[in-house]
Amino acid sequence: MPSGLVALFDDVAVIARAASASVDDIAAAAGRAGSKTAGVVIDDAAVTPSYVTGLSPARELPIIWAITKGSLFNKLIILLPGAILLSEFLPQAIIWILMLGGAFLCYEGAEKVMEKLGGAKHGKTVEDVITDPESFEKQRISGAIRTDLILSAEIMAITLNELDLPTWWERGLALALVGFIVTIVVYGAVALIVKMDDVGLHLSKKESSAAQSFGRFLVNSVPYLLIALSFVGTIAMLWVGGGIIVHGTHEVGFDLFYDIAHGAEYAVAGATGAFSGIAGWVTYAAISGVIGLALGMVIAFVLHKIIGYEGAH
């Protein structure tokens, strides 16, 4: 009996070690895959503050919380099961879904660039006059969650494409881990950003001159921070979207974009000596962004000038 009990404990220990190794593999894979989603994450963080523009400060955090819950629902309830089924039964479709999402990112980035250059704005914008705050808040939240669904789908597709885990449940756990962490990081950062001016205003009323100075600094910094986020978000969309197209087209046998981007990367890396790594990467990212911008402008032209699409933006 004792020997049987010892054997049972040994078996349990082996299972525990295997489970621990699986958890480590999942965490490591999730970390590697999550880093690939950085561009989409930056864009998500850049876009979200606009959804509370023009609304009462008291409603900012409740709105962000509502969007956060919607984002978790998007990732964990809607997208996660589909991603697991795809990886298990139709993995060859993942690259095409990635490219579809990449094309959408290119389109969104190109739209923003064209608007900044004086192009027409399509659909409703945050500058629209608010006549019914309660109804408008609901529209903002539902619009943010719809936009998040697209960005979340791209995050999940990028993550899934980067995972190299043998079983469906390991891939599922890694996807869930990335989805949860990305959501908390993005909307936690957004909450901090949108409340910075309130914190600054509170500090500016303190007796301490240092607190007052820091408070004024925070208040004055918010507009510039939002502008910088919008700029970085646009660049990130074009870079990530273009990079997905470059890689995806190469995977399906069309090498033109891949050869251009990597040819330039290797040429610059070979000419820059000690800075070859960063210079080559910047070159590849820049060319990916240019390809993304060109593709996005073509998509925008087709949608708005040929098809006549004027969807919400």
# chains A, B, ... in the order shown; residues from 1 in each chain; ligands from 1
call {"tool": "residues_around", "arguments": {"residues": "Leu79 in chain A", "least_positions_apart": "4", "cutoff": "9 Å", "atoms": "only C-alpha atoms", "output": "PyMOL selection string"}}
result
chain A and resi 73-75+83-84+149+152-153+156
call {"tool": "closest_residue", "arguments": {"among": "A:Pro81, A:Gly253, A:Gly143, A:Gly215", "to": "Trp168 in chain A", "atoms": "only C-alpha atoms"}}
result
A:Pro81
call {"tool": "closest_residue", "arguments": {"among": "A:Ile287, A:Leu61, A:Met297, A:Leu201", "to": "Trp239 in chain A", "atoms": "only C-alpha atoms"}}
result
A:Ile287
call {"tool": "closest_residue", "arguments": {"among": "A:Trp65, A:Phe257, A:Tyr107, A:Phe89", "to": "Gly296 in chain A", "atoms": "only C-alpha atoms"}}
result
A:Tyr107
call {"tool": "decode", "arguments": {"residues": "range 167-183 of chain A", "atoms": "all heavy atoms", "output": "PDB file, in the first residue's frame"}}
result
ATOM      1  N   THR A 167      -0.951  21.892 -28.901  1.00  0.00           N
ATOM      2  CA  THR A 167      -2.340  21.502 -28.658  1.00  0.00           C
ATOM      3  C   THR A 167      -3.257  22.717 -28.685  1.00  0.00           C
ATOM      4  O   THR A 167      -2.830  23.848 -28.432  1.00  0.00           O
ATOM      5  CB  THR A 167      -2.487  20.802 -27.289  1.00  0.00           C
ATOM      6  OG1 THR A 167      -2.129  21.724 -26.245  1.00  0.00           O
ATOM      7  CG2 THR A 167      -1.574  19.585 -27.216  1.00  0.00           C
ATOM      8  N   TRP A 168      -4.523  22.457 -28.964  1.00  0.00           N
ATOM      9  CA  TRP A 168      -5.493  23.546 -29.087  1.00  0.00           C
ATOM     10  C   TRP A 168      -5.686  24.279 -27.775  1.00  0.00           C
ATOM     11  O   TRP A 168      -5.872  25.499 -27.762  1.00  0.00           O
ATOM     12  CB  TRP A 168      -6.829  23.014 -29.605  1.00  0.00           C
ATOM     13  CG  TRP A 168      -7.545  22.101 -28.648  1.00  0.00           C
ATOM     14  CD1 TRP A 168      -7.485  20.750 -28.599  1.00  0.00           C
ATOM     15  CD2 TRP A 168      -8.435  22.500 -27.598  1.00  0.00           C
ATOM     16  NE1 TRP A 168      -8.264  20.262 -27.588  1.00  0.00           N
ATOM     17  CE2 TRP A 168      -8.871  21.324 -26.955  1.00  0.00           C
ATOM     18  CE3 TRP A 168      -8.905  23.725 -27.142  1.00  0.00           C
ATOM     19  CZ2 TRP A 168      -9.749  21.341 -25.878  1.00  0.00           C
ATOM     20  CZ3 TRP A 168      -9.783  23.751 -26.069  1.00  0.00           C
ATOM     21  CH2 TRP A 168     -10.199  22.564 -25.444  1.00  0.00           C
ATOM     22  N   TRP A 169      -5.636  23.534 -26.651  1.00  0.00           N
ATOM     23  CA  TRP A 169      -5.892  24.202 -25.379  1.00  0.00           C
ATOM     24  C   TRP A 169      -4.726  25.098 -24.973  1.00  0.00           C
ATOM     25  O   TRP A 169      -4.934  26.153 -24.340  1.00  0.00           O
ATOM     26  CB  TRP A 169      -6.202  23.185 -24.282  1.00  0.00           C
ATOM     27  CG  TRP A 169      -5.085  22.261 -23.899  1.00  0.00           C
ATOM     28  CD1 TRP A 169      -4.845  21.015 -24.392  1.00  0.00           C
ATOM     29  CD2 TRP A 169      -4.059  22.512 -22.930  1.00  0.00           C
ATOM     30  NE1 TRP A 169      -3.727  20.471 -23.801  1.00  0.00           N
ATOM     31  CE2 TRP A 169      -3.230  21.362 -22.886  1.00  0.00           C
ATOM     32  CE3 TRP A 169      -3.766  23.586 -22.099  1.00  0.00           C
ATOM     33  CZ2 TRP A 169      -2.120  21.272 -22.050  1.00  0.00           C
ATOM     34  CZ3 TRP A 169      -2.667  23.494 -21.254  1.00  0.00           C
ATOM     35  CH2 TRP A 169      -1.851  22.354 -21.231  1.00  0.00           C
ATOM     36  N   GLU A 170      -3.491  24.734 -25.361  1.00  0.00           N
ATOM     37  CA  GLU A 170      -2.346  25.618 -25.092  1.00  0.00           C
ATOM     38  C   GLU A 170      -2.460  26.893 -25.920  1.00  0.00           C
ATOM     39  O   GLU A 170      -2.204  27.997 -25.421  1.00  0.00           O
ATOM     40  CB  GLU A 170      -1.036  24.891 -25.397  1.00  0.00           C
ATOM     41  CG  GLU A 170      -0.685  23.805 -24.408  1.00  0.00           C
ATOM     42  CD  GLU A 170       0.583  23.074 -24.783  1.00  0.00           C
ATOM     43  OE1 GLU A 170       0.724  22.707 -25.978  1.00  0.00           O
ATOM     44  OE2 GLU A 170       1.420  22.869 -23.906  1.00  0.00           O
ATOM     45  N   ARG A 171      -2.841  26.742 -27.189  1.00  0.00           N
ATOM     46  CA  ARG A 171      -3.028  27.921 -28.035  1.00  0.00           C
ATOM     47  C   ARG A 171      -4.156  28.789 -27.486  1.00  0.00           C
ATOM     48  O   ARG A 171      -4.069  30.029 -27.477  1.00  0.00           O
ATOM     49  CB  ARG A 171      -3.328  27.501 -29.474  1.00  0.00           C
ATOM     50  CG  ARG A 171      -2.157  26.843 -30.174  1.00  0.00           C
ATOM     51  CD  ARG A 171      -2.395  26.683 -31.663  1.00  0.00           C
ATOM     52  NE  ARG A 171      -3.471  25.744 -31.959  1.00  0.00           N
ATOM     53  CZ  ARG A 171      -3.320  24.435 -32.093  1.00  0.00           C
ATOM     54  NH1 ARG A 171      -2.120  23.890 -31.955  1.00  0.00           N
ATOM     55  NH2 ARG A 171      -4.345  23.661 -32.389  1.00  0.00           N
ATOM     56  N   GLY A 172      -5.223  28.130 -27.019  1.00  0.00           N
ATOM     57  CA  GLY A 172      -6.341  28.871 -26.453  1.00  0.00           C
ATOM     58  C   GLY A 172      -5.950  29.658 -25.211  1.00  0.00           C
ATOM     59  O   GLY A 172      -6.326  30.828 -25.057  1.00  0.00           O
ATOM     60  N   LEU A 173      -5.173  29.047 -24.314  1.00  0.00           N
ATOM     61  CA  LEU A 173      -4.729  29.738 -23.110  1.00  0.00           C
ATOM     62  C   LEU A 173      -3.810  30.908 -23.449  1.00  0.00           C
ATOM     63  O   LEU A 173      -3.902  31.982 -22.846  1.00  0.00           O
ATOM     64  CB  LEU A 173      -4.018  28.764 -22.173  1.00  0.00           C
ATOM     65  CG  LEU A 173      -4.911  27.794 -21.394  1.00  0.00           C
ATOM     66  CD1 LEU A 173      -4.055  26.840 -20.555  1.00  0.00           C
ATOM     67  CD2 LEU A 173      -5.871  28.553 -20.485  1.00  0.00           C
ATOM     68  N   ALA A 174      -2.916  30.694 -24.417  1.00  0.00           N
ATOM     69  CA  ALA A 174      -2.009  31.774 -24.819  1.00  0.00           C
ATOM     70  C   ALA A 174      -2.793  32.942 -25.421  1.00  0.00           C
ATOM     71  O   ALA A 174      -2.518  34.116 -25.131  1.00  0.00           O
ATOM     72  CB  ALA A 174      -0.985  31.254 -25.815  1.00  0.00           C
ATOM     73  N   LEU A 175      -3.766  32.622 -26.287  1.00  0.00           N
ATOM     74  CA  LEU A 175      -4.607  33.673 -26.875  1.00  0.00           C
ATOM     75  C   LEU A 175      -5.378  34.427 -25.801  1.00  0.00           C
ATOM     76  O   LEU A 175      -5.471  35.665 -25.834  1.00  0.00           O
ATOM     77  CB  LEU A 175      -5.584  33.058 -27.879  1.00  0.00           C
ATOM     78  CG  LEU A 175      -5.023  32.668 -29.247  1.00  0.00           C
ATOM     79  CD1 LEU A 175      -6.030  31.815 -29.998  1.00  0.00           C
ATOM     80  CD2 LEU A 175      -4.675  33.911 -30.053  1.00  0.00           C
ATOM     81  N   ALA A 176      -5.950  33.682 -24.847  1.00  0.00           N
ATOM     82  CA  ALA A 176      -6.705  34.323 -23.764  1.00  0.00           C
ATOM     83  C   ALA A 176      -5.803  35.217 -22.927  1.00  0.00           C
ATOM     84  O   ALA A 176      -6.193  36.328 -22.538  1.00  0.00           O
ATOM     85  CB  ALA A 176      -7.368  33.261 -22.889  1.00  0.00           C
ATOM     86  N   LEU A 177      -4.578  34.745 -22.670  1.00  0.00           N
ATOM     87  CA  LEU A 177      -3.631  35.526 -21.875  1.00  0.00           C
ATOM     88  C   LEU A 177      -3.267  36.823 -22.580  1.00  0.00           C
ATOM     89  O   LEU A 177      -3.293  37.908 -21.978  1.00  0.00           O
ATOM     90  CB  LEU A 177      -2.376  34.690 -21.610  1.00  0.00           C
ATOM     91  CG  LEU A 177      -1.292  35.311 -20.728  1.00  0.00           C
ATOM     92  CD1 LEU A 177      -1.843  35.611 -19.341  1.00  0.00           C
ATOM     93  CD2 LEU A 177      -0.078  34.378 -20.640  1.00  0.00           C
ATOM     94  N   VAL A 178      -2.929  36.730 -23.865  1.00  0.00           N
ATOM     95  CA  VAL A 178      -2.598  37.933 -24.638  1.00  0.00           C
ATOM     96  C   VAL A 178      -3.792  38.876 -24.693  1.00  0.00           C
ATOM     97  O   VAL A 178      -3.663  40.089 -24.475  1.00  0.00           O
ATOM     98  CB  VAL A 178      -2.137  37.559 -26.061  1.00  0.00           C
ATOM     99  CG1 VAL A 178      -2.035  38.810 -26.935  1.00  0.00           C
ATOM    100  CG2 VAL A 178      -0.793  36.848 -26.013  1.00  0.00           C
ATOM    101  N   GLY A 179      -4.981  38.322 -24.989  1.00  0.00           N
ATOM    102  CA  GLY A 179      -6.178  39.156 -25.098  1.00  0.00           C
ATOM    103  C   GLY A 179      -6.481  39.893 -23.809  1.00  0.00           C
ATOM    104  O   GLY A 179      -6.795  41.093 -23.816  1.00  0.00           O
ATOM    105  N   PHE A 180      -6.385  39.195 -22.683  1.00  0.00           N
ATOM    106  CA  PHE A 180      -6.683  39.818 -21.387  1.00  0.00           C
ATOM    107  C   PHE A 180      -5.658  40.891 -21.053  1.00  0.00           C
ATOM    108  O   PHE A 180      -6.025  42.021 -20.673  1.00  0.00           O
ATOM    109  CB  PHE A 180      -6.694  38.749 -20.292  1.00  0.00           C
ATOM    110  CG  PHE A 180      -7.020  39.293 -18.927  1.00  0.00           C
ATOM    111  CD1 PHE A 180      -8.334  39.560 -18.563  1.00  0.00           C
ATOM    112  CD2 PHE A 180      -6.014  39.555 -18.017  1.00  0.00           C
ATOM    113  CE1 PHE A 180      -8.633  40.077 -17.311  1.00  0.00           C
ATOM    114  CE2 PHE A 180      -6.289  40.064 -16.766  1.00  0.00           C
ATOM    115  CZ  PHE A 180      -7.613  40.332 -16.414  1.00  0.00           C
ATOM    116  N   ILE A 181      -4.370  40.569 -21.191  1.00  0.00           N
ATOM    117  CA  ILE A 181      -3.323  41.533 -20.828  1.00  0.00           C
ATOM    118  C   ILE A 181      -3.382  42.768 -21.719  1.00  0.00           C
ATOM    119  O   ILE A 181      -3.292  43.904 -21.241  1.00  0.00           O
ATOM    120  CB  ILE A 181      -1.938  40.869 -20.901  1.00  0.00           C
ATOM    121  CG1 ILE A 181      -1.801  39.825 -19.787  1.00  0.00           C
ATOM    122  CG2 ILE A 181      -0.825  41.906 -20.785  1.00  0.00           C
ATOM    123  CD1 ILE A 181      -0.524  39.019 -19.844  1.00  0.00           C
ATOM    124  N   VAL A 182      -3.538  42.554 -23.031  1.00  0.00           N
ATOM    125  CA  VAL A 182      -3.606  43.692 -23.958  1.00  0.00           C
ATOM    126  C   VAL A 182      -4.778  44.604 -23.603  1.00  0.00           C
ATOM    127  O   VAL A 182      -4.644  45.835 -23.589  1.00  0.00           O
ATOM    128  CB  VAL A 182      -3.721  43.188 -25.412  1.00  0.00           C
ATOM    129  CG1 VAL A 182      -4.198  44.304 -26.334  1.00  0.00           C
ATOM    130  CG2 VAL A 182      -2.382  42.643 -25.892  1.00  0.00           C
ATOM    131  N   THR A 183      -5.923  44.014 -23.311  1.00  0.00           N
ATOM    132  CA  THR A 183      -7.106  44.822 -22.989  1.00  0.00           C
ATOM    133  C   THR A 183      -6.879  45.651 -21.735  1.00  0.00           C
ATOM    134  O   THR A 183      -7.187  46.861 -21.712  1.00  0.00           O
ATOM    135  CB  THR A 183      -8.330  43.905 -22.790  1.00  0.00           C
ATOM    136  OG1 THR A 183      -8.550  43.149 -23.982  1.00  0.00           O
ATOM    137  CG2 THR A 183      -9.575  44.726 -22.487  1.00  0.00           C
TER     138      THR A 183
END
